[in-house]
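Structure file start.txt; described as compact mmCIF, C-alpha atoms.
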# COMPACT_ATOMS: atom_id res chain seq x y z
CA MET Z 2 22.39 10.63 -3.37
CA GLU Z 3 18.80 11.56 -2.53
CA ASN Z 4 17.77 7.90 -2.78
CA ASN Z 5 20.50 6.80 -0.35
CA SER Z 6 19.50 9.53 2.08
CA TRP Z 7 15.86 8.47 1.96
CA GLU Z 8 16.68 4.79 2.46
CA GLN Z 9 18.86 5.71 5.42
CA THR Z 10 15.98 7.72 6.88
CA LEU Z 11 13.68 4.69 6.55
CA GLN Z 12 16.28 2.41 8.10
CA ASP Z 13 16.80 4.79 11.02
CA GLY Z 14 13.03 5.03 11.47
CA LYS Z 15 12.70 1.25 11.76
CA LEU Z 16 15.54 1.12 14.27
CA TYR Z 17 14.00 3.86 16.40
CA ARG Z 18 10.60 2.13 16.34
CA HIS Z 19 12.29 -1.09 17.46
CA LEU Z 20 14.07 0.82 20.20
CA ASN Z 21 10.82 2.50 21.30
CA SER Z 22 9.18 -0.92 21.56
CA LEU Z 23 11.99 -2.19 23.79
CA ILE Z 24 11.79 0.90 26.02
CA VAL Z 25 8.02 0.61 26.45
CA ALA Z 26 8.27 -3.11 27.21
CA HIS Z 27 11.10 -2.54 29.69
CA LEU Z 28 9.20 0.20 31.57
CA ARG Z 29 5.98 -1.80 31.59
CA ASP Z 30 7.65 -5.00 32.81
CA SER Z 31 9.42 -2.96 35.52
CA ASN Z 32 5.96 -1.86 36.77
CA LEU Z 33 6.62 1.72 35.68
CA THR Z 34 3.17 1.82 34.08
CA GLN Z 35 2.75 5.59 33.96
CA ALA Z 36 6.11 6.09 32.29
CA ALA Z 37 5.44 3.23 29.87
CA SER Z 38 2.07 4.76 28.92
CA ALA Z 39 3.63 8.18 28.36
CA VAL Z 40 6.37 6.81 26.10
CA ALA Z 41 3.89 4.58 24.25
CA SER Z 42 1.60 7.54 23.55
CA ALA Z 43 4.42 9.87 22.54
CA THR Z 44 5.98 7.35 20.13
CA MET Z 45 2.79 5.67 18.85
CA THR Z 46 3.96 2.31 20.23
CA PRO Z 47 1.39 -0.22 21.49
CA LEU Z 48 1.55 -0.51 25.28
CA ASN Z 49 1.15 -4.29 25.05
CA VAL Z 50 4.07 -4.67 22.62
CA GLU Z 51 5.83 -8.02 23.00
CA ALA Z 52 9.55 -8.20 23.76
CA PRO Z 53 11.75 -10.84 25.42
CA PRO Z 54 12.33 -10.18 29.15
CA ASN Z 55 15.30 -7.91 29.84
CA LYS Z 56 16.04 -7.61 26.12
CA LEU Z 57 16.81 -3.90 26.40
CA LEU Z 58 19.26 -4.45 29.26
CA GLU Z 59 20.90 -7.29 27.33
CA LEU Z 60 21.38 -5.12 24.23
CA VAL Z 61 22.69 -2.17 26.23
CA ALA Z 62 25.21 -4.44 27.93
CA LYS Z 63 26.32 -5.82 24.58
CA GLY Z 64 26.55 -2.34 23.11
CA LEU Z 65 28.67 -1.08 25.98
CA ALA Z 66 30.95 -4.08 25.64
CA VAL Z 67 31.32 -3.52 21.88
CA GLU Z 68 31.94 0.19 22.38
CA LYS Z 69 34.57 -0.52 25.01
CA ASP Z 70 36.24 -3.02 22.70
CA ASP Z 71 36.11 -0.61 19.75
CA VAL Z 72 37.60 2.20 21.80
CA PHE Z 73 40.38 -0.15 22.79
CA LYS Z 74 40.94 -1.00 19.09
CA GLY Z 75 40.71 2.62 18.03
CA THR Z 76 37.43 2.21 16.12
CA LEU Z 77 33.85 3.10 16.91
CA SER Z 78 30.81 1.19 15.64
CA SER Z 79 27.18 2.25 15.44
CA PRO Z 80 25.21 1.86 18.67
CA PHE Z 81 22.48 0.25 16.54
CA CYS Z 82 24.73 -2.49 15.13
CA ASP Z 83 23.22 -5.20 17.34
CA LEU Z 84 19.59 -4.39 16.81
CA GLY Z 85 19.20 -5.02 13.11
CA ALA Z 86 16.08 -4.05 11.17
CA PRO Z 87 12.80 -5.58 12.31
CA VAL Z 88 11.39 -8.18 9.98
CA LEU Z 89 8.32 -7.03 8.09
CA PRO Z 90 5.25 -9.07 8.98
CA THR Z 91 3.86 -11.17 6.15
CA HIS Z 92 1.32 -13.94 5.87
CA PRO Z 93 2.64 -17.51 6.07
CA GLY Z 94 4.10 -18.52 2.74
CA ALA Z 95 4.10 -14.96 1.43
CA THR Z 96 6.99 -13.82 -0.74
CA ILE Z 97 8.18 -10.24 -0.92
CA ILE Z 98 8.48 -9.25 -4.58
CA ASP Z 99 11.24 -6.93 -5.73
CA PHE Z 100 9.54 -5.00 -8.53
CA SER Z 101 12.78 -3.32 -9.57
CA ALA Z 102 14.71 -6.56 -10.06
CA VAL Z 103 13.39 -7.72 -13.44
CA PRO Z 104 12.57 -5.68 -16.54
CA ASP Z 105 9.10 -5.77 -18.09
CA ILE Z 106 9.25 -8.75 -20.45
CA LYS Z 107 6.06 -9.62 -22.28
CA GLY Z 108 5.34 -13.31 -22.62
CA MET Z 109 6.72 -14.09 -19.14
CA SER Z 110 3.46 -13.21 -17.42
CA LYS Z 111 1.79 -15.59 -14.99
CA SER Z 112 -1.79 -16.75 -15.47
CA PHE Z 113 -4.39 -15.41 -13.07
CA PRO Z 114 -6.58 -18.28 -11.84
CA LYS Z 115 -10.22 -18.46 -12.87
CA HIS Z 116 -12.75 -17.26 -10.31
CA GLU Z 117 -16.39 -17.94 -9.64
CA THR Z 118 -18.62 -15.13 -8.44
CA ARG Z 119 -21.83 -14.88 -6.45
CA HIS Z 120 -24.23 -12.08 -5.64
CA LEU Z 121 -24.24 -11.70 -1.85
CA SER Z 122 -26.57 -8.88 -0.96
CA GLU Z 123 -27.90 -5.47 -1.90
CA HIS Z 124 -27.92 -2.13 -0.19
CA LYS Z 125 -30.84 0.25 -0.64
CA ASN Z 126 -28.59 2.71 -2.45
CA ILE Z 127 -25.14 2.77 -4.10
CA ALA Z 128 -22.58 0.43 -2.48
CA ARG Z 129 -19.62 2.81 -2.16
CA CYS Z 130 -16.80 0.93 -0.39
CA ALA Z 131 -15.65 -2.45 0.95
CA ARG Z 132 -12.90 -3.77 3.24
CA PHE Z 133 -11.63 -7.16 4.39
CA SER Z 134 -10.50 -7.72 7.97
CA PRO Z 135 -6.74 -8.35 8.42
CA ASP Z 136 -7.35 -12.05 9.08
CA GLY Z 137 -9.63 -12.38 6.04
CA LYS Z 138 -12.51 -13.74 8.13
CA PHE Z 139 -14.84 -10.78 7.60
CA VAL Z 140 -15.62 -8.24 4.91
CA ALA Z 141 -17.71 -5.09 5.30
CA THR Z 142 -19.43 -2.82 2.78
CA GLY Z 143 -20.61 0.78 3.18
CA SER Z 144 -23.38 2.47 1.26
CA ALA Z 145 -24.93 5.77 0.27
CA ASP Z 146 -27.98 4.51 2.20
CA THR Z 147 -25.81 5.13 5.34
CA SER Z 148 -25.78 1.43 6.31
CA ILE Z 149 -22.83 -0.95 6.80
CA LYS Z 150 -23.16 -4.65 6.11
CA LEU Z 151 -20.81 -7.13 7.76
CA PHE Z 152 -20.26 -10.50 6.05
CA GLU Z 153 -18.66 -13.64 7.47
CA VAL Z 154 -16.41 -15.14 4.80
CA SER Z 155 -16.95 -18.73 5.98
CA LYS Z 156 -20.69 -18.29 5.41
CA ILE Z 157 -20.04 -16.83 1.97
CA LYS Z 158 -18.07 -19.95 1.10
CA GLN Z 159 -20.99 -22.09 2.24
CA MET Z 160 -23.16 -20.19 -0.25
CA LEU Z 161 -20.77 -21.18 -3.04
CA LEU Z 162 -21.13 -24.89 -2.33
CA PRO Z 163 -23.30 -26.67 -4.92
CA ASP Z 164 -25.33 -28.65 -2.37
CA ALA Z 165 -26.26 -26.66 0.72
CA LYS Z 166 -27.86 -29.29 2.98
CA ASP Z 167 -28.90 -26.87 5.70
CA GLY Z 168 -30.93 -24.62 3.44
CA PRO Z 169 -30.18 -21.02 2.40
CA VAL Z 170 -27.13 -19.44 4.03
CA ARG Z 171 -27.25 -15.79 5.10
CA PRO Z 172 -23.72 -14.38 4.94
CA VAL Z 173 -24.71 -10.96 6.36
CA ILE Z 174 -24.20 -11.31 10.11
CA ARG Z 175 -24.61 -7.63 11.14
CA THR Z 176 -26.08 -4.48 9.68
CA PHE Z 177 -25.10 -1.20 11.32
CA TYR Z 178 -27.09 2.04 11.09
CA ASP Z 179 -25.60 5.12 12.69
CA HIS Z 180 -24.49 7.57 9.99
CA THR Z 181 -26.69 10.31 8.59
CA GLN Z 182 -24.91 10.66 5.23
CA PRO Z 183 -23.18 8.30 2.74
CA ILE Z 184 -20.27 6.19 3.91
CA ASN Z 185 -16.94 6.74 2.14
CA ASP Z 186 -14.52 4.21 3.62
CA LEU Z 187 -14.05 1.43 6.18
CA ASP Z 188 -11.21 -0.18 8.09
CA PHE Z 189 -10.83 -2.97 10.65
CA HIS Z 190 -8.81 -2.64 13.83
CA PRO Z 191 -5.57 -4.62 13.32
CA GLN Z 192 -5.79 -6.49 16.61
CA GLY Z 193 -9.44 -6.57 17.61
CA THR Z 194 -13.06 -6.88 16.64
CA ILE Z 195 -13.59 -3.21 15.83
CA LEU Z 196 -14.77 -1.75 12.53
CA VAL Z 197 -14.43 1.98 11.81
CA SER Z 198 -16.27 3.97 9.16
CA GLY Z 199 -15.76 7.43 7.69
CA ALA Z 200 -18.65 9.34 6.15
CA LYS Z 201 -19.88 12.54 4.59
CA ASP Z 202 -21.49 13.48 7.91
CA GLN Z 203 -17.95 14.41 9.10
CA THR Z 204 -17.72 11.55 11.58
CA MET Z 205 -15.75 8.39 12.19
CA LYS Z 206 -17.77 5.73 14.00
CA PHE Z 207 -16.53 2.63 15.80
CA PHE Z 208 -18.56 -0.58 15.83
CA ASP Z 209 -17.92 -3.66 17.98
CA ILE Z 210 -18.53 -6.55 15.59
CA SER Z 211 -18.32 -9.13 18.40
CA LYS Z 212 -21.65 -7.96 19.84
CA THR Z 213 -24.45 -9.69 17.97
CA ASN Z 214 -27.13 -7.16 18.89
CA ALA Z 215 -25.11 -4.00 18.28
CA LYS Z 216 -26.51 -1.80 15.54
CA ARG Z 217 -25.00 1.53 16.51
CA ALA Z 218 -21.50 2.84 17.18
CA TYR Z 219 -20.06 2.69 20.67
CA ARG Z 220 -17.63 5.54 19.94
CA VAL Z 221 -17.72 8.55 17.62
CA ILE Z 222 -15.00 10.97 16.52
CA GLN Z 223 -16.35 14.22 15.11
CA ASP Z 224 -14.25 15.90 12.44
CA THR Z 225 -14.80 19.28 10.77
CA HIS Z 226 -14.73 17.94 7.19
CA ASN Z 227 -16.21 15.23 5.02
CA VAL Z 228 -14.28 12.07 6.04
CA ARG Z 229 -13.29 10.52 2.74
CA SER Z 230 -10.89 7.81 3.93
CA VAL Z 231 -9.78 6.07 7.15
CA SER Z 232 -6.77 3.91 8.08
CA PHE Z 233 -5.75 2.37 11.41
CA HIS Z 234 -2.16 2.56 12.62
CA PRO Z 235 -0.79 -1.03 12.98
CA SER Z 236 -0.78 -0.54 16.77
CA GLY Z 237 -4.53 0.14 16.67
CA ASP Z 238 -4.15 3.18 18.92
CA PHE Z 239 -4.27 5.82 16.19
CA LEU Z 240 -6.52 6.50 13.22
CA LEU Z 241 -5.77 8.52 10.11
CA ALA Z 242 -8.57 10.42 8.42
CA GLY Z 243 -8.31 11.72 4.88
CA THR Z 244 -10.85 14.50 4.47
CA ASP Z 245 -11.77 17.46 2.28
CA HIS Z 246 -8.92 19.15 4.15
CA ALA Z 247 -5.58 18.72 2.35
CA ILE Z 248 -3.68 17.53 5.45
CA PRO Z 249 -4.37 14.08 6.98
CA HIS Z 250 -5.94 14.21 10.44
CA LEU Z 251 -4.28 11.86 12.94
CA TYR Z 252 -6.44 10.86 15.92
CA ASP Z 253 -5.57 9.15 19.18
CA ILE Z 254 -8.60 6.85 19.44
CA ASN Z 255 -8.37 6.75 23.24
CA THR Z 256 -8.25 10.51 23.89
CA PHE Z 257 -9.81 11.74 20.62
CA GLN Z 258 -6.96 14.22 20.36
CA CYS Z 259 -6.25 15.31 16.78
CA TYR Z 260 -2.73 15.90 15.50
CA LEU Z 261 -1.85 17.82 12.34
CA SER Z 262 1.52 17.97 10.61
CA ALA Z 263 3.61 21.00 11.45
CA ASN Z 264 5.33 20.62 8.09
CA ILE Z 265 2.55 21.54 5.68
CA PRO Z 266 3.36 21.07 1.98
CA GLU Z 267 2.17 23.50 -0.66
CA VAL Z 268 -1.34 22.46 -1.58
CA GLY Z 269 -3.68 24.09 -4.07
CA PRO Z 270 -7.40 24.71 -3.58
CA ASN Z 271 -8.31 21.18 -4.72
CA GLY Z 272 -6.19 19.15 -2.31
CA ALA Z 273 -8.93 17.01 -0.77
CA ILE Z 274 -7.71 13.50 0.06
CA ASN Z 275 -9.34 10.62 -1.80
CA GLN Z 276 -7.46 7.92 0.09
CA VAL Z 277 -5.03 7.57 2.99
CA ARG Z 278 -3.26 4.32 3.89
CA TYR Z 279 -0.62 3.31 6.45
CA SER Z 280 2.27 1.06 5.50
CA CYS Z 281 2.26 -2.31 7.24
CA THR Z 282 4.70 -1.21 9.99
CA GLY Z 283 3.30 2.30 10.39
CA ALA Z 284 6.64 3.76 9.32
CA MET Z 285 4.88 5.85 6.66
CA TYR Z 286 1.49 6.69 5.26
CA VAL Z 287 0.46 7.78 1.80
CA THR Z 288 -2.28 10.04 0.48
CA ALA Z 289 -3.88 10.21 -2.96
CA SER Z 290 -5.46 13.61 -3.56
CA LYS Z 291 -7.90 15.30 -5.91
CA ASP Z 292 -5.08 17.60 -7.07
CA GLY Z 293 -3.36 14.55 -8.61
CA VAL Z 294 -0.51 14.48 -6.07
CA ILE Z 295 0.71 11.37 -4.24
CA ARG Z 296 2.21 12.43 -0.89
CA LEU Z 297 4.36 10.34 1.44
CA TRP Z 298 4.31 11.12 5.17
CA ASP Z 299 6.60 10.09 8.01
CA GLY Z 300 4.62 7.84 10.36
CA ILE Z 301 6.29 9.25 13.49
CA THR Z 302 6.73 12.97 12.84
CA ALA Z 303 3.68 13.29 10.53
CA ASN Z 304 5.81 15.41 8.19
CA CYS Z 305 5.30 15.23 4.44
CA VAL Z 306 8.60 13.81 3.19
CA ARG Z 307 7.86 13.49 -0.53
CA SER Z 308 5.30 14.88 -2.98
CA ILE Z 309 4.91 13.23 -6.38
CA THR Z 310 3.31 16.12 -8.23
CA GLY Z 311 1.33 15.33 -11.35
CA ALA Z 312 1.39 11.63 -10.54
CA HIS Z 313 -1.65 11.25 -12.77
CA GLY Z 314 -1.22 14.36 -14.87
CA THR Z 315 -3.93 16.89 -14.08
CA ALA Z 316 -6.40 14.13 -13.12
CA GLU Z 317 -7.33 13.08 -9.59
CA ALA Z 318 -5.30 10.41 -7.81
CA THR Z 319 -8.02 8.10 -6.50
CA SER Z 320 -6.12 5.43 -4.56
CA ALA Z 321 -2.65 4.67 -3.18
CA ILE Z 322 -1.32 1.68 -1.23
CA PHE Z 323 2.09 0.41 -0.11
CA THR Z 324 3.66 -2.89 -1.04
CA LYS Z 325 4.35 -5.19 1.91
CA ASP Z 326 8.04 -4.31 1.97
CA GLU Z 327 7.21 -0.55 1.99
CA ARG Z 328 9.54 0.08 -0.97
CA PHE Z 329 6.83 0.90 -3.49
CA VAL Z 330 3.45 2.62 -3.74
CA LEU Z 331 0.73 1.60 -6.19
CA SER Z 332 -1.51 4.47 -7.28
CA CYS Z 333 -4.58 4.81 -9.47
CA GLY Z 334 -5.96 7.94 -11.13
CA LYS Z 335 -8.74 9.31 -13.29
CA ASP Z 336 -6.30 9.48 -16.20
CA SER Z 337 -6.94 5.73 -16.73
CA THR Z 338 -3.48 4.74 -15.50
CA ILE Z 339 -2.18 2.67 -12.63
CA LYS Z 340 1.40 3.40 -11.56
CA LEU Z 341 4.02 1.87 -9.31
CA TRP Z 342 6.36 4.34 -7.62
CA GLU Z 343 9.63 3.76 -5.78
CA VAL Z 344 9.28 5.23 -2.30
CA GLY Z 345 12.96 6.09 -1.87
CA SER Z 346 13.32 8.17 -5.03
CA GLY Z 347 9.77 8.98 -6.16
CA ARG Z 348 10.70 7.33 -9.46
CA LEU Z 349 8.03 5.79 -11.68
CA VAL Z 350 8.88 2.08 -11.85
CA LYS Z 351 5.98 0.51 -13.75
CA GLN Z 352 2.76 1.54 -15.46
CA TYR Z 353 -0.35 -0.57 -16.06
CA LEU Z 354 -2.51 0.47 -18.98
CA GLY Z 355 -5.58 -0.76 -20.83
CA ALA Z 356 -8.48 0.04 -18.49
CA MET Z 357 -10.62 3.17 -18.65
CA HIS Z 358 -11.41 4.88 -15.35
CA THR Z 359 -12.20 8.57 -15.52
CA GLN Z 360 -15.37 9.04 -13.45
CA LEU Z 361 -15.43 6.94 -10.28
CA ARG Z 362 -13.07 6.82 -7.29
CA CYS Z 363 -11.39 3.79 -8.81
CA GLN Z 364 -9.19 1.43 -6.78
CA ALA Z 365 -6.07 -0.44 -7.89
CA ILE Z 366 -5.22 -3.32 -5.58
CA PHE Z 367 -2.80 -6.21 -5.26
CA ASN Z 368 -3.87 -9.80 -4.83
CA GLU Z 369 -2.74 -11.52 -1.64
CA THR Z 370 0.70 -12.45 -3.03
CA GLU Z 371 1.30 -9.11 -4.84
CA GLU Z 372 1.86 -11.04 -8.08
CA PHE Z 373 -1.19 -9.45 -9.73
CA ILE Z 374 -2.95 -6.10 -9.82
CA LEU Z 375 -6.72 -5.73 -10.11
CA SER Z 376 -8.78 -2.72 -11.14
CA ILE Z 377 -11.92 -1.65 -13.02
CA ASP Z 378 -12.59 -0.75 -16.64
CA GLU Z 379 -15.55 1.63 -16.38
CA LEU Z 380 -16.16 1.85 -20.12
CA ASN Z 381 -16.42 -1.92 -20.69
CA ASN Z 382 -17.74 -2.77 -17.20
CA GLU Z 383 -14.95 -5.25 -16.61
CA ILE Z 384 -12.57 -6.30 -13.88
CA VAL Z 385 -9.05 -6.17 -15.31
CA ILE Z 386 -6.00 -8.05 -14.03
CA TRP Z 387 -2.33 -7.37 -14.81
CA ASP Z 388 0.82 -9.31 -14.03
CA ALA Z 389 2.41 -6.99 -11.48
CA MET Z 390 5.96 -7.71 -12.65
CA THR Z 391 5.60 -7.64 -16.43
CA THR Z 392 2.72 -5.06 -16.52
CA GLU Z 393 0.96 -7.26 -19.08
CA LYS Z 394 -2.83 -7.51 -18.96
CA VAL Z 395 -3.54 -11.20 -18.26
CA ALA Z 396 -7.32 -11.29 -17.77
CA LYS Z 397 -10.49 -9.26 -18.09
CA TRP Z 398 -13.85 -10.45 -16.84
CA PRO Z 399 -17.39 -9.07 -17.06
CA SER Z 400 -18.09 -7.51 -13.66
CA ASN Z 401 -21.62 -8.97 -13.48
CA HIS Z 402 -22.71 -5.60 -12.07
CA VAL Z 403 -25.22 -3.34 -13.77
CA GLY Z 404 -22.83 -0.51 -14.49
CA ALA Z 405 -19.16 -0.53 -13.51
CA PRO Z 406 -18.26 -1.44 -9.90
CA ARG Z 407 -17.28 1.49 -7.71
CA TRP Z 408 -14.93 -0.46 -5.45
CA ILE Z 409 -12.96 -3.70 -5.19
CA ASP Z 410 -10.95 -5.09 -2.28
CA HIS Z 411 -8.87 -8.27 -2.15
CA SER Z 412 -8.63 -10.72 0.72
CA PRO Z 413 -5.25 -10.47 2.49
CA THR Z 414 -5.13 -14.23 3.06
CA GLU Z 415 -6.52 -16.04 0.02
CA SER Z 416 -7.40 -15.79 -3.66
CA ALA Z 417 -10.72 -14.00 -3.24
CA PHE Z 418 -12.03 -10.45 -3.63
CA ILE Z 419 -15.19 -8.38 -3.29
CA SER Z 420 -16.82 -5.88 -5.64
CA CYS Z 421 -19.68 -3.45 -5.12
CA GLY Z 422 -21.23 -0.72 -7.18
CA THR Z 423 -23.82 1.72 -8.41
CA ASP Z 424 -26.30 -1.12 -8.88
CA ARG Z 425 -26.31 -1.41 -5.04
CA SER Z 426 -25.12 -5.03 -5.18
CA VAL Z 427 -22.22 -6.78 -3.47
CA ARG Z 428 -20.43 -9.68 -5.20
CA PHE Z 429 -17.86 -12.16 -3.91
CA TRP Z 430 -15.19 -13.64 -6.19
CA LYS Z 431 -13.24 -16.77 -5.31
CA GLU Z 432 -10.69 -18.87 -7.15
CA THR Z 433 -12.25 -21.90 -8.82
CA ILE Z 434 -10.75 -25.12 -7.47

Can I see the file as structure tokens?
Amino acid sequence: MENNSWEQTLQDGKLYRHLNSLIVAHLRDSNLTQAASAVASATMTPLNVEAPPNKLLELVAKGLAVEKDDVFKGTLSSPFCDLGAPVLPTHPGATIIDFSAVPDIKGMSKSFPKHETRHLSEHKNIARCARFSPDGKFVATGSADTSIKLFEVSKIKQMLLPDAKDGPVRPVIRTFYDHTQPINDLDFHPQGTILVSGAKDQTMKFFDISKTNAKRAYRVIQDTHNVRSVSFHPSGDFLLAGTDHAIPHLYDINTFQCYLSANIPEVGPNGAINQVRYSCTGAMYVTASKDGVIRLWDGITANCVRSITGAHGTAEATSAIFTKDERFVLSCGKDSTIKLWEVGSGRLVKQYLGAMHTQLRCQAIFNETEEFILSIDELNNEIVIWDAMTTEKVAKWPSNHVGAPRWIDHSPTESAFISCGTDRSVRFWKETI
């Protein structure tokens, strides 16, 4: 019963977001700019949202006609019957995987393709985090030396070619210096050329990567805590910050206004957030905390709607991300486990074992098709890959780092990923053709 209620809540949320988009578009196209801006801000809907002309009027007319017909027949249908659920955005050719459809059957696992790897660059201190842009064209790394390096993926690929006719290729196209303490996390704006960083100096800084001479942030948001993780809302107008505070901080990036949930869950003294991530539609966000709890939050009301207590026993939960269809969350913890949870019920669906991670803020990530899961084995200094469906370990490779990598991130568009670590180095991995 609880599962059905949760799924209905998600469905209603998607319908309301679709409705909000139509209202904003209708007001904007009717030159009611002030009203459109107010609704867009209140509902976290992008002001430039696309919608067919007069779509809202068309749907209202249809709804009234259906209602009139149903009243005549003695029945009454839902006013949302014509809208349908919005289709989740995916990359061309992508397939949504239903992880609950097939049992874990060993021997049915797919083979993960071989990859080649190349050392790209070094920071002057520990390389702490990395992030690909949504289009896969850029990747950025952040360091304890307070710098951010921006790489162009096309230049990295040129480096991998056996015969570079034009001489050495430099894949680092920008280096930003504006933080005063180590950088914890990075994210790219979903629709623009903006990179945001979160750091121990309690700030979030915005960099325009389109400006070739820019070395410093053009905008700064000052928090009151160590900013451990950052995540843009899909509209690009809001930014989540996971900090040493147990409640995610939601910022309007245009006004700098900070919003906190009015529905505060019970959190112990060690509730600092290791990672916060939006789902692909912004319907929800998830936090992985030092107290070992995975928490799910409503993307509109900012209320905590589910707490998975003891997700990783008494160990820290170090990362958490949604699947593309928003039905599952993949989490990683310092108990050396990676787990897949069903969002609707909080039920543990799958568990991926066989890699030791007890010290670092380890990441568990999907590849671009969500067929495989990648993570780190700290003890053996290896990158480990599992078949996401069968949970079987299908590959393990030497990391080529001196000491285990601290972070890995996979390209959203192709079979390639990045790793960086305590040895200060950044490595690029790409499928061997």

So how far away is CA of Phe100 (chain Z) from CA of Met390 (chain Z), in Å? 6.1 Å

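Separating CA of Val403 (chain Z) from CA of Ala145 (chain Z) is a distance of 16.7 Å.
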
For Ile409 (chain Z), please output as a short mmCIF file (atom, residue, chain, number, x, y, z; two decimals) with C-alpha atoms, in the frame of the given file all residues within 10 Å (counting only C-alpha atoms; exclusion window: fewer than 4 positions along the same chain).
data_model
loop_
_atom_site.label_atom_id
_atom_site.label_comp_id
_atom_site.auth_asym_id
_atom_site.auth_seq_id
_atom_site.Cartn_x
_atom_site.Cartn_y
_atom_site.Cartn_z
CA ARG Z 129 -19.62 2.81 -2.16
CA CYS Z 130 -16.80 0.93 -0.39
CA ALA Z 131 -15.65 -2.45 0.95
CA ARG Z 132 -12.90 -3.77 3.24
CA CYS Z 363 -11.39 3.79 -8.81
CA GLN Z 364 -9.19 1.43 -6.78
CA ALA Z 365 -6.07 -0.44 -7.89
CA ILE Z 366 -5.22 -3.32 -5.58
CA LEU Z 375 -6.72 -5.73 -10.11
CA SER Z 376 -8.78 -2.72 -11.14
CA ILE Z 377 -11.92 -1.65 -13.02
CA ILE Z 384 -12.57 -6.30 -13.88
CA PHE Z 418 -12.03 -10.45 -3.63
CA ILE Z 419 -15.19 -8.38 -3.29
CA SER Z 420 -16.82 -5.88 -5.64
CA CYS Z 421 -19.68 -3.45 -5.12
CA GLY Z 422 -21.23 -0.72 -7.18
CA VAL Z 427 -22.22 -6.78 -3.47
CA ARG Z 428 -20.43 -9.68 -5.20
CA PHE Z 429 -17.86 -12.16 -3.91
#

Go through Z:Val140, Z:Leu16, Z:Val287, Z:Ile322 and flag the residue nearest Ile157 (chain Z), using all atoms listed in the file for the distances.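 Of Z:Val140, Z:Leu16, Z:Val287, Z:Ile322, the one nearest Ile157 (chain Z), counting all atoms listed in the file, is Z:Val140.
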
Dig up all the protein and nucleic acid residues within 7 Å of (-19.0, 15.3, 11.4) in the file frame, using all atoms listed in the file, and format them as a PyMOL selection string. chain Z and resi 202-204+223-227

Go ahead and fit an axis-aligned box to every listed atom of region 318-328 of chain Z plus 8 Å each side, and pass me the centre and edge lengths in Å, one decimal, as AutoDock Vina command-line options.
--center_x 0.8 --center_y 2.6 --center_z -2.9 --size_x 33.6 --size_y 31.6 --size_z 25.8

I want to know what sits within 12 Å of Ala273 (chain Z), based on only C-alpha atoms, with residues of the same chain fewer than 5 positions away left out; could you give that as a list in words? His226, Asn227, Val228, Arg229, Ser230, Ala242, Gly243, Thr244, Asp245, His246, Ala247, Ile248, Pro249, His250, Val268, Thr288, Ala289, Ser290, Lys291, Asp292, Gly293, Val294, Ile295, Glu317, Ala318 and Thr319 of chain Z

Which residue gives the smallest distance to Lys212 (chain Z) among Z:Lys150, Z:Arg175, Z:His19, Z:Lys138, with only C-alpha atoms counted?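 Selected residue with least distance to Lys212 (chain Z): Z:Arg175.
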
Interatomic distance between CA of Ser38 (chain Z) and CA of Cys259 (chain Z)? 18.1 Å

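Residue nearest Asn255 (chain Z), chosen from Z:Thr34, Z:Ile98, Z:Pro270, Z:Gly237 and counting only C-alpha atoms: Z:Gly237.
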
Can you pull out every residue within 7 Å of Lys431 (chain Z), counting all atoms listed in the file, but drop anything in the same chain fewer than 3 positions away, and send it as a ChimeraX atom specification? /Z:116-118,416-418

Using only C-alpha atoms, determine which residues lie at most 12 Å from region 50-56 of chain Z, disregarding the query and same-chain residues fewer than 2 positions distant; provide the list as an NGL selection string. :Z and (18-31 or 37-38 or 41 or 45-48 or 58-63 or 83-84 or 192 or 235-238)

Each residue of region 266-317 of chain Z with at least one atom at most 7 Å from region 332-354 of chain Z should appear once, together with its nearest atom pair and the corresponding distance in Å (one decimal); atoms considered: only C-alpha atoms; ordering: chain, then increasing residue number; output as a Markdown table.
| residue | atom | partner | partner_atom | distance |
| --- | --- | --- | --- | --- |
| Z:Ile309 | CA | Z:Gly347 | CA | 6.5 |
| Z:His313 | CA | Z:Gly334 | CA | 5.7 |
| Z:Ala316 | CA | Z:Lys335 | CA | 5.4 |
| Z:Glu317 | CA | Z:Lys335 | CA | 5.5 |

Would you mind exporting region 355-366 of chain Z with C-alpha atoms, as a JSON list (two decimals), in the first residue's frame?
[["chain", "number", "residue", "atom", "x", "y", "z"],
["Z", 355, "GLY", "CA", 33.83, -7.60, -3.84],
["Z", 356, "ALA", "CA", 35.54, -4.21, -3.58],
["Z", 357, "MET", "CA", 37.03, -2.74, -0.40],
["Z", 358, "HIS", "CA", 36.30, 0.92, 0.31],
["Z", 359, "THR", "CA", 36.45, 1.98, 3.93],
["Z", 360, "GLN", "CA", 38.56, 5.16, 3.98],
["Z", 361, "LEU", "CA", 37.87, 7.48, 1.05],
["Z", 362, "ARG", "CA", 34.68, 9.20, -0.10],
["Z", 363, "CYS", "CA", 34.18, 6.45, -2.65],
["Z", 364, "GLN", "CA", 31.85, 6.82, -5.65],
["Z", 365, "ALA", "CA", 29.69, 4.17, -7.31],
["Z", 366, "ILE", "CA", 28.60, 5.19, -10.80]]
